[in-house]
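Structure record follows, encoded as structure tokens.
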Amino acid sequence: MNKYESVIIIRPTVDEEGIKGLIQKFTDLVNTNGKMETVEELGKRKLAYEIKKFKEGYYVVFNFESKPEAIKELERIYRITAEVIKFIVVRKED
């Protein structure tokens with residue numbers, strides 16, 4: 001299993017309960033194929049440039065261990081989740 005870091009930006013229009021639901025959804029998804037280590041909510045921040053007509057977004061950072069083949073599924077779920085406007089998954093070096 002490899003260590004990964006994932007940053008997602010959620011639409012600023014999503015309420016607190018919706019954000020908690022999304023975080024739980026992604027945590028459960030990671031835990032099926034690996035282990036979530038930390039979830040860090042950075043809160044609402046101004047974006048460097050406009051993304052999908054939004055000037056700000058809610059940032060969440062996930063640190064986790066997972067099998068490499070599970071990352072494709074995680075990225076697919078990020079893409080089809082309407083509330084996620086931008087994401088990145090990076091493998092961390094040991």
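Chain labels follow the order of the structure tokens: the first chain is A, the next B, and so on; residue numbering restarts at 1 in every chain, and ligands are counted from 1 in their shown order.
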Just asking: which residues within chain A are strand (DSSP E) according to DSSP, as JSON, numbers by chain? {"A": [2, 3, 4, 5, 6, 7, 8, 9, 10, 34, 35, 36, 37, 38, 39, 40, 41, 42, 43, 44, 45, 46, 47, 48, 49, 50, 51, 54, 55, 56, 57, 58, 59, 60, 61, 62, 63, 64, 65, 66, 84, 85, 86, 87, 88, 89, 90, 91]}
Please list as a PDB file with all heavy atoms, in the first residue's frame every residue within 9 Å of Val90 in chain A, counting only C-alpha atoms and excluding residues in the same chain fewer than 3 positions away.
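Just written: part05.pdb:
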```pdb
ATOM      1  N   LYS A   3       1.214   5.622   0.294  1.00  0.00           N
ATOM      2  CA  LYS A   3       0.628   6.781   0.988  1.00  0.00           C
ATOM      3  C   LYS A   3       0.261   7.839  -0.049  1.00  0.00           C
ATOM      4  O   LYS A   3       1.023   8.080  -0.980  1.00  0.00           O
ATOM      5  CB  LYS A   3       1.615   7.370   1.989  1.00  0.00           C
ATOM      6  CG  LYS A   3       1.848   6.480   3.192  1.00  0.00           C
ATOM      7  CD  LYS A   3       2.770   7.169   4.181  1.00  0.00           C
ATOM      8  CE  LYS A   3       3.034   6.308   5.381  1.00  0.00           C
ATOM      9  NZ  LYS A   3       2.002   6.385   6.381  1.00  0.00           N
ATOM     10  N   TYR A   4      -0.903   8.462   0.136  1.00  0.00           N
ATOM     11  CA  TYR A   4      -1.391   9.482  -0.785  1.00  0.00           C
ATOM     12  C   TYR A   4      -1.891  10.696  -0.020  1.00  0.00           C
ATOM     13  O   TYR A   4      -2.268  10.597   1.156  1.00  0.00           O
ATOM     14  CB  TYR A   4      -2.554   8.938  -1.626  1.00  0.00           C
ATOM     15  CG  TYR A   4      -2.152   7.840  -2.569  1.00  0.00           C
ATOM     16  CD1 TYR A   4      -2.255   6.509  -2.193  1.00  0.00           C
ATOM     17  CD2 TYR A   4      -1.685   8.125  -3.847  1.00  0.00           C
ATOM     18  CE1 TYR A   4      -1.890   5.494  -3.054  1.00  0.00           C
ATOM     19  CE2 TYR A   4      -1.322   7.119  -4.723  1.00  0.00           C
ATOM     20  CZ  TYR A   4      -1.429   5.804  -4.318  1.00  0.00           C
ATOM     21  OH  TYR A   4      -1.064   4.805  -5.177  1.00  0.00           O
ATOM     22  N   GLU A   5      -1.901  11.823  -0.723  1.00  0.00           N
ATOM     23  CA  GLU A   5      -2.530  13.037  -0.217  1.00  0.00           C
ATOM     24  C   GLU A   5      -3.481  13.515  -1.301  1.00  0.00           C
ATOM     25  O   GLU A   5      -3.131  13.533  -2.475  1.00  0.00           O
ATOM     26  CB  GLU A   5      -1.489  14.108   0.082  1.00  0.00           C
ATOM     27  CG  GLU A   5      -2.106  15.379   0.623  1.00  0.00           C
ATOM     28  CD  GLU A   5      -1.068  16.410   1.001  1.00  0.00           C
ATOM     29  OE1 GLU A   5      -0.495  17.018   0.087  1.00  0.00           O
ATOM     30  OE2 GLU A   5      -0.840  16.590   2.204  1.00  0.00           O
ATOM     31  N   SER A   6      -4.690  13.862  -0.899  1.00  0.00           N
ATOM     32  CA  SER A   6      -5.689  14.336  -1.849  1.00  0.00           C
ATOM     33  C   SER A   6      -6.274  15.646  -1.336  1.00  0.00           C
ATOM     34  O   SER A   6      -6.618  15.761  -0.163  1.00  0.00           O
ATOM     35  CB  SER A   6      -6.800  13.292  -1.987  1.00  0.00           C
ATOM     36  OG  SER A   6      -7.829  13.777  -2.817  1.00  0.00           O
ATOM     37  N   VAL A   7      -6.349  16.629  -2.224  1.00  0.00           N
ATOM     38  CA  VAL A   7      -6.966  17.907  -1.891  1.00  0.00           C
ATOM     39  C   VAL A   7      -8.186  18.065  -2.785  1.00  0.00           C
ATOM     40  O   VAL A   7      -8.091  17.885  -3.998  1.00  0.00           O
ATOM     41  CB  VAL A   7      -6.002  19.095  -2.123  1.00  0.00           C
ATOM     42  CG1 VAL A   7      -6.692  20.410  -1.807  1.00  0.00           C
ATOM     43  CG2 VAL A   7      -4.744  18.937  -1.298  1.00  0.00           C
TER      44      VAL A   7
END
```
Find, counting only C-alpha atoms, the residue in A:Tyr58, A:Phe26, A:Tyr49, A:Tyr78 that gets nearest to Thr13 in chain A.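 Looking at the shortest contact to Thr13 in chain A, the residue is A:Tyr58.
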Please return, as number ranges by chain, all residues of chain A that DSSP assigns to alpha helix (DSSP H) on the basis of the backbone. A: 16-33, 68-80
Here is a test: counting only C-alpha atoms, which residue of A:Lys86, A:Glu73, A:Gly21, A:Ile80 is nearest to Glu56 in chain A?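 Using only C-alpha atoms, the shortest distance to Glu56 in chain A belongs to A:Lys86.
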Nearest-residue call for Ile88 in chain A, choices A:Asn2, A:Ile9, A:Phe54, A:Asn33, using only C-alpha atoms: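 Between A:Asn2, A:Ile9, A:Phe54, A:Asn33, the residue approaching Ile88 in chain A most closely is A:Ile9.
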Enter the distance from CA of Val39 in chain A to CA of Phe64 in chain A, in Å, rounded to one decimal. 8.8 Å
Give me the residues within 7 Å of Ile8 in chain A as a PyMOL selection string, counting only C-alpha atoms and dropping any in the same chain fewer than 5 places off. chain A and resi 59-61+84+86-88
Distance query Lys53 in chain A at most 12 Å, only C-alpha atoms, self and fewer than 4 positions along chain excluded, as a list of chain:residue names: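 The residues satisfying every condition are A:Arg11, A:Pro12, A:Thr13, A:Leu47, A:Tyr49, A:Gly57, A:Ile85.
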Those same residues - all heavy atoms - I'd like them written as a CSV table (one decimal), in the first residue's frame.
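File written: result.csv
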```
chain,number,residue,atom,x,y,z
A,11,ARG,N,-17.8,23.2,-3.7
A,11,ARG,CA,-18.5,24.4,-4.0
A,11,ARG,C,-18.8,25.2,-2.8
A,11,ARG,O,-19.2,24.6,-1.7
A,11,ARG,CB,-19.9,24.1,-4.7
A,11,ARG,CG,-19.8,23.5,-6.0
A,11,ARG,CD,-21.2,23.0,-6.5
A,11,ARG,NE,-21.1,22.3,-7.7
A,11,ARG,CZ,-21.5,22.9,-8.9
A,11,ARG,NH1,-22.1,24.1,-8.9
A,11,ARG,NH2,-21.4,22.2,-10.0
A,12,PRO,N,-18.7,26.5,-2.8
A,12,PRO,CA,-18.9,27.3,-1.6
A,12,PRO,C,-20.4,27.3,-1.2
A,12,PRO,O,-20.8,27.7,-0.1
A,12,PRO,CB,-18.4,28.7,-1.9
A,12,PRO,CG,-18.5,28.7,-3.4
A,12,PRO,CD,-18.2,27.3,-3.9
A,13,THR,N,-21.3,26.9,-2.1
A,13,THR,CA,-22.7,27.0,-1.8
A,13,THR,C,-23.2,25.8,-1.0
A,13,THR,O,-24.4,25.7,-0.6
A,13,THR,CB,-23.5,27.0,-3.2
A,13,THR,OG1,-23.1,25.9,-4.0
A,13,THR,CG2,-23.2,28.3,-3.9
A,47,LEU,N,-10.2,31.5,-4.3
A,47,LEU,CA,-9.4,30.8,-5.3
A,47,LEU,C,-8.5,31.7,-6.1
A,47,LEU,O,-8.8,32.9,-6.2
A,47,LEU,CB,-10.4,30.1,-6.3
A,47,LEU,CG,-11.4,29.1,-5.7
A,47,LEU,CD1,-12.4,28.7,-6.8
A,47,LEU,CD2,-10.7,27.9,-5.2
A,49,TYR,N,-7.9,31.6,-9.2
A,49,TYR,CA,-8.6,32.0,-10.4
A,49,TYR,C,-10.0,31.3,-10.4
A,49,TYR,O,-10.2,30.4,-9.6
A,49,TYR,CB,-7.9,31.5,-11.7
A,49,TYR,CG,-7.5,30.0,-11.7
A,49,TYR,CD1,-8.4,29.1,-12.2
A,49,TYR,CD2,-6.3,29.6,-11.1
A,49,TYR,CE1,-8.1,27.7,-12.2
A,49,TYR,CE2,-6.0,28.2,-11.1
A,49,TYR,CZ,-6.9,27.3,-11.6
A,49,TYR,OH,-6.6,26.0,-11.6
A,57,GLY,N,-13.9,28.5,-2.6
A,57,GLY,CA,-14.2,27.1,-2.4
A,57,GLY,C,-13.9,26.7,-1.0
A,57,GLY,O,-13.1,27.3,-0.3
A,85,ILE,N,-15.5,20.8,-7.2
A,85,ILE,CA,-15.2,21.6,-8.4
A,85,ILE,C,-13.7,21.4,-8.9
A,85,ILE,O,-13.4,21.6,-10.0
A,85,ILE,CB,-15.5,23.1,-8.2
A,85,ILE,CG1,-14.7,23.7,-7.0
A,85,ILE,CG2,-17.0,23.3,-8.1
A,85,ILE,CD1,-14.9,25.2,-6.8
```
Find the residues near Ser66 in chain A: any atom within 10 Å, counting only C-alpha atoms, skip ones fewer than 4 places away on the same chain, and give them as a count of residues only. 14
Ranking A:Leu42, A:Pro68, A:Leu22, A:Glu17 by minimum distance to Glu83 in chain A and counting only C-alpha atoms, which one comes first?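 Looking only at the distances to Glu83 in chain A, the closest residue turns out to be A:Leu22.
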Separation of CA of Asn63 in chain A from CA of Thr27 in chain A in Å: 10.1 Å
Between CA of Lys25 in chain A and CA of Ala82 in chain A, what distance in Å does the model show, to one decimal?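 Interatomic distance, CA of Lys25 in chain A to CA of Ala82 in chain A: 13.5 Å.
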